[in-house]
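Okay, target_33.txt is below, compact mmCIF, C-alpha atoms:
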# COMPACT_ATOMS: atom_id res chain seq x y z
CA MET A 1 13.08 123.39 63.03
CA GLU A 2 15.23 120.77 64.67
CA GLY A 3 16.11 122.04 68.11
CA ASN A 4 15.17 125.69 67.73
CA ALA A 5 11.59 126.55 68.60
CA ASN A 6 12.38 130.26 68.23
CA LYS A 7 13.21 130.07 64.52
CA ILE A 8 11.19 132.43 62.33
CA LEU A 9 10.82 130.65 58.98
CA ALA A 10 9.78 133.64 56.88
CA PRO A 11 10.71 136.87 58.66
CA SER A 12 9.85 140.14 56.97
CA GLU A 13 12.63 142.59 56.15
CA GLU A 14 11.48 144.73 59.06
CA ALA A 15 11.54 141.73 61.41
CA VAL A 16 15.13 140.93 60.37
CA ILE A 17 16.24 144.52 60.90
CA GLN A 18 14.46 144.74 64.27
CA ALA A 19 15.92 141.44 65.51
CA VAL A 20 19.46 142.35 64.47
CA GLN A 21 19.34 145.91 65.79
CA SER A 22 17.86 144.90 69.15
CA HIS A 23 20.42 142.11 69.67
CA PHE A 24 23.50 143.92 68.33
CA ALA A 25 22.84 147.56 69.26
CA GLY A 26 25.95 149.58 68.43
CA ASP A 27 27.86 146.62 66.94
CA VAL A 28 25.83 146.10 63.76
CA ASP A 29 24.53 149.10 61.82
CA LEU A 30 21.93 149.17 59.08
CA GLN A 31 23.53 150.53 55.90
CA SER A 32 20.63 150.28 53.47
CA GLN A 33 17.35 148.56 52.81
CA LYS A 34 15.78 147.89 49.43
CA ALA A 35 13.17 145.40 48.30
CA ARG A 36 14.37 141.99 49.57
CA ARG A 37 17.88 143.30 50.29
CA ILE A 38 19.30 144.48 53.61
CA SER A 39 22.85 145.67 54.13
CA PHE A 40 24.50 145.73 57.56
CA LYS A 41 27.97 146.81 58.66
CA ALA A 42 29.18 144.67 61.56
CA LYS A 43 32.14 144.83 63.91
CA ARG A 44 34.37 141.90 63.05
CA GLU A 45 34.24 140.42 66.55
CA ARG A 46 30.44 140.07 66.17
CA LEU A 47 30.36 138.55 62.66
CA PHE A 48 30.09 134.90 63.68
CA GLU A 49 27.41 135.64 66.29
CA LEU A 50 25.43 137.69 63.77
CA CYS A 51 25.63 134.91 61.19
CA THR A 52 24.63 132.31 63.77
CA MET A 53 21.56 134.38 64.64
CA LEU A 54 20.64 134.80 60.96
CA LYS A 55 20.90 131.05 60.41
CA ASP A 56 19.46 129.66 63.64
CA GLU A 57 16.75 132.21 64.45
CA LEU A 58 15.85 133.88 61.15
CA ASN A 59 16.17 130.94 58.72
CA PHE A 60 18.94 132.32 56.50
CA ALA A 61 19.99 128.99 55.05
CA HIS A 62 22.44 129.91 52.30
CA CYS A 63 25.74 131.80 52.10
CA SER A 64 26.05 132.66 48.41
CA MET A 65 29.18 134.79 48.56
CA VAL A 66 32.16 135.78 50.67
CA SER A 67 34.63 138.18 49.13
CA GLY A 68 37.02 140.97 49.95
CA ILE A 69 37.53 144.62 49.07
CA ASP A 70 40.78 146.53 49.31
CA TRP A 71 39.99 150.11 50.37
CA VAL A 72 43.77 150.81 50.66
CA GLU A 73 43.46 152.14 54.26
CA HIS A 74 41.73 148.89 55.33
CA MET A 75 40.28 145.68 53.93
CA GLN A 76 36.65 144.65 54.05
CA THR A 77 34.81 141.37 53.74
CA VAL A 78 31.40 141.11 52.11
CA HIS A 79 29.05 138.23 52.93
CA HIS A 80 25.75 137.54 51.13
CA ILE A 81 23.35 135.40 53.16
CA SER A 82 19.92 134.38 51.79
CA ASN A 83 16.58 133.26 53.18
CA TYR A 84 14.96 130.88 50.66
CA GLU A 85 11.45 131.33 52.08
CA THR A 86 11.34 135.12 51.63
CA GLY A 87 13.96 135.75 48.98
CA VAL A 88 15.60 138.29 51.31
CA LEU A 89 19.35 138.68 50.98
CA VAL A 90 21.40 140.13 53.82
CA GLU A 91 24.72 141.70 52.95
CA ILE A 92 27.22 141.95 55.80
CA LEU A 93 30.19 144.29 55.52
CA VAL A 94 33.08 143.93 57.96
CA ASP A 95 36.05 146.32 58.11
CA ILE A 96 39.42 144.70 58.85
CA PRO A 97 42.56 146.68 59.67
CA ASN A 98 45.52 146.12 57.34
CA ASP A 99 47.77 145.18 60.26
CA ASP A 100 45.46 142.36 61.47
CA LEU A 101 43.80 140.69 58.46
CA VAL A 102 41.81 138.10 60.39
CA VAL A 103 38.06 137.55 60.60
CA ASP A 104 35.96 134.60 61.78
CA SER A 105 35.09 131.90 59.27
CA VAL A 106 31.41 131.21 58.59
CA THR A 107 32.22 127.82 57.04
CA PRO A 108 31.16 126.05 60.28
CA LEU A 109 27.67 127.51 59.66
CA TRP A 110 27.48 127.18 55.87
CA GLU A 111 29.79 124.68 54.14
CA GLY A 112 29.30 126.60 50.90
CA ALA A 113 31.44 129.43 52.29
CA ASN A 114 34.49 127.14 52.29
CA TRP A 115 35.90 127.91 48.86
CA HIS A 116 34.73 131.54 48.94
CA GLU A 117 36.84 132.09 52.05
CA ARG A 118 39.81 130.24 50.58
CA GLU A 119 39.62 132.33 47.43
CA THR A 120 39.43 135.56 49.46
CA PHE A 121 42.46 134.40 51.46
CA GLU A 122 44.38 133.62 48.30
CA LEU A 123 43.55 136.84 46.45
CA PHE A 124 43.44 139.40 49.30
CA GLY A 125 45.39 137.79 52.15
CA ILE A 126 42.46 137.87 54.59
CA ASP A 127 42.69 134.93 57.00
CA PHE A 128 39.46 133.27 58.16
CA LYS A 129 39.90 132.08 61.74
CA GLY A 130 38.35 128.66 62.34
CA HIS A 131 38.34 127.67 58.66
CA PRO A 132 38.91 123.89 58.34
CA ARG A 133 41.49 124.14 55.53
CA MET A 134 42.82 127.65 54.96
CA GLU A 135 45.12 127.13 52.00
CA GLN A 136 45.43 128.37 48.44
CA LEU A 137 43.19 127.05 45.69
CA LEU A 138 44.89 128.06 42.44
CA LEU A 139 48.19 129.79 43.08
CA ALA A 140 51.39 127.96 43.97
CA ASP A 141 51.92 127.42 47.71
CA ASP A 142 55.06 129.56 47.65
CA TYR A 143 53.31 132.52 45.98
CA LYS A 144 53.53 135.30 48.56
CA PHE A 145 51.62 138.10 46.81
CA PHE A 146 47.91 138.83 46.74
CA PRO A 147 46.80 139.69 43.20
CA PHE A 148 43.55 141.50 44.12
CA ARG A 149 45.24 143.99 46.42
CA LYS A 150 45.59 147.46 44.99
CA SER A 151 49.28 147.39 45.92
CA PHE A 152 49.87 144.41 43.58
CA LYS A 153 51.76 145.42 40.43
CA VAL A 154 51.11 143.37 37.30
CA GLY A 155 54.28 141.95 35.77
CA ARG A 156 56.29 142.20 38.99
CA GLN A 157 59.10 139.70 39.39
CA ILE A 158 58.41 137.29 42.21
Rewritten as structure tokens:
Amino acid sequence: MEGNANKILAPSEEAVIQAVQSHFAGDVDLQSQKARRISFKAKRERLFELCTMLKDELNFAHCSMVSGIDWVEHMQTVHHISNYETGVLVEILVDIPNDDLVVDSVTPLWEGANWHERETFELFGIDFKGHPRMEQLLLADDYKFFPFRKSFKVGRQI
């Protein structure tokens, strides 16, 4: 517990929900709860703070996924964060307006998010503020289209 005497090593699902709802009232909403799985929808300006709390206070030590969804009228990021002690997975959904596709990076908290964020940037065009190396992984640097967007047309001339 280096440096954080308040860390709960194995919080129950109810303890996680209670801690998040009491700290982020109105900014993070419970979407669903199933056995060992909790889904929250967070305002994008609170994402990094929420993830910091999950890691530092509730012992969520692993970010297993960061991805994007194109809902046409807006984009959304999806984060999966796990607690190894309890097997609980927290899913965090964040809506992002199409005219401002920026959300905070969680790579400073979990290095494993690095390539997930880069891939989401490359495929959806969502920029992760504070990422140490936000650049494309597979596509050419001059490729200006985002192949996972619903507006992308297969076979289009570039």
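Between atom CA of Arg133 of chain A and atom CA of Thr52 of chain A the interatomic distance comes to 20.5 Å.
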Original post:
Which neighbours of Pro108 of chain A fall inside 9 Å, counting only C-alpha atoms, when residues of the same chain fewer than 2 positions from it are skipped, and could you give them as number ranges by chain?
Top reply: A: 105-106, 110-111, 113-114, 130-132
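The coordinates place atom CA of His62 of chain A at 13.4 Å from atom CA of Leu9 of chain A.
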Subject >> Surrounding residues of segment 76-93 of chain A excluding itself and chain neighbours under 2 positions, 8 Å, all atoms listed in the file, as a list in words >> reply: Leu9, Ala10, Pro11, Ser12, Glu13, Arg36, Arg37, Ile38, Ser39, Phe40, Lys41, Ala42, Asn59, Phe60, Ala61, His62, Cys63, Ser64, Met65, Val66, Ser67, Gly68, Ile69, Asp70, Trp71, His74, Asp95 and Ile96 of chain A
Write to file, as a PDB file, in the frame of the given file, the residues of the selection just made, with C-alpha atoms.
ATOM      1  CA  LEU A   9      10.820 130.650  58.980  1.00  0.00           C
ATOM      2  CA  ALA A  10       9.780 133.640  56.880  1.00  0.00           C
ATOM      3  CA  PRO A  11      10.710 136.870  58.660  1.00  0.00           C
ATOM      4  CA  SER A  12       9.850 140.140  56.970  1.00  0.00           C
ATOM      5  CA  GLU A  13      12.630 142.590  56.150  1.00  0.00           C
ATOM      6  CA  ARG A  36      14.370 141.990  49.570  1.00  0.00           C
ATOM      7  CA  ARG A  37      17.880 143.300  50.290  1.00  0.00           C
ATOM      8  CA  ILE A  38      19.300 144.480  53.610  1.00  0.00           C
ATOM      9  CA  SER A  39      22.850 145.670  54.130  1.00  0.00           C
ATOM     10  CA  PHE A  40      24.500 145.730  57.560  1.00  0.00           C
ATOM     11  CA  LYS A  41      27.970 146.810  58.660  1.00  0.00           C
ATOM     12  CA  ALA A  42      29.180 144.670  61.560  1.00  0.00           C
ATOM     13  CA  ASN A  59      16.170 130.940  58.720  1.00  0.00           C
ATOM     14  CA  PHE A  60      18.940 132.320  56.500  1.00  0.00           C
ATOM     15  CA  ALA A  61      19.990 128.990  55.050  1.00  0.00           C
ATOM     16  CA  HIS A  62      22.440 129.910  52.300  1.00  0.00           C
ATOM     17  CA  CYS A  63      25.740 131.800  52.100  1.00  0.00           C
ATOM     18  CA  SER A  64      26.050 132.660  48.410  1.00  0.00           C
ATOM     19  CA  MET A  65      29.180 134.790  48.560  1.00  0.00           C
ATOM     20  CA  VAL A  66      32.160 135.780  50.670  1.00  0.00           C
ATOM     21  CA  SER A  67      34.630 138.180  49.130  1.00  0.00           C
ATOM     22  CA  GLY A  68      37.020 140.970  49.950  1.00  0.00           C
ATOM     23  CA  ILE A  69      37.530 144.620  49.070  1.00  0.00           C
ATOM     24  CA  ASP A  70      40.780 146.530  49.310  1.00  0.00           C
ATOM     25  CA  TRP A  71      39.990 150.110  50.370  1.00  0.00           C
ATOM     26  CA  HIS A  74      41.730 148.890  55.330  1.00  0.00           C
ATOM     27  CA  ASP A  95      36.050 146.320  58.110  1.00  0.00           C
ATOM     28  CA  ILE A  96      39.420 144.700  58.850  1.00  0.00           C
TER      29      ILE A  96
END
Once 8 Å is added on each side, what centre and edge lengths in Å to one decimal does the axis-aligned box around all listed atoms of segment 38-47 of chain A have, as lines of an AutoDock Vina configuration file?
center_x = 26.8
center_y = 142.7
center_z = 60.1
size_x = 31.1
size_y = 24.3
size_z = 28.9
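The spacing separating atom CA of Leu138 of chain A from atom CA of Ser151 of chain A amounts to 20.1 Å.
Using all atoms listed in the file, the nearest neighbour of Glu45 of chain A within the list A:Ile8, A:Trp115, A:Asp27, A:Leu139 is A:Asp27.
Nearest to Glu49 of chain A of all the residues A:Leu30, A:Val102, A:Val20, A:Ala35 is A:Val20, based on all atoms listed in the file.
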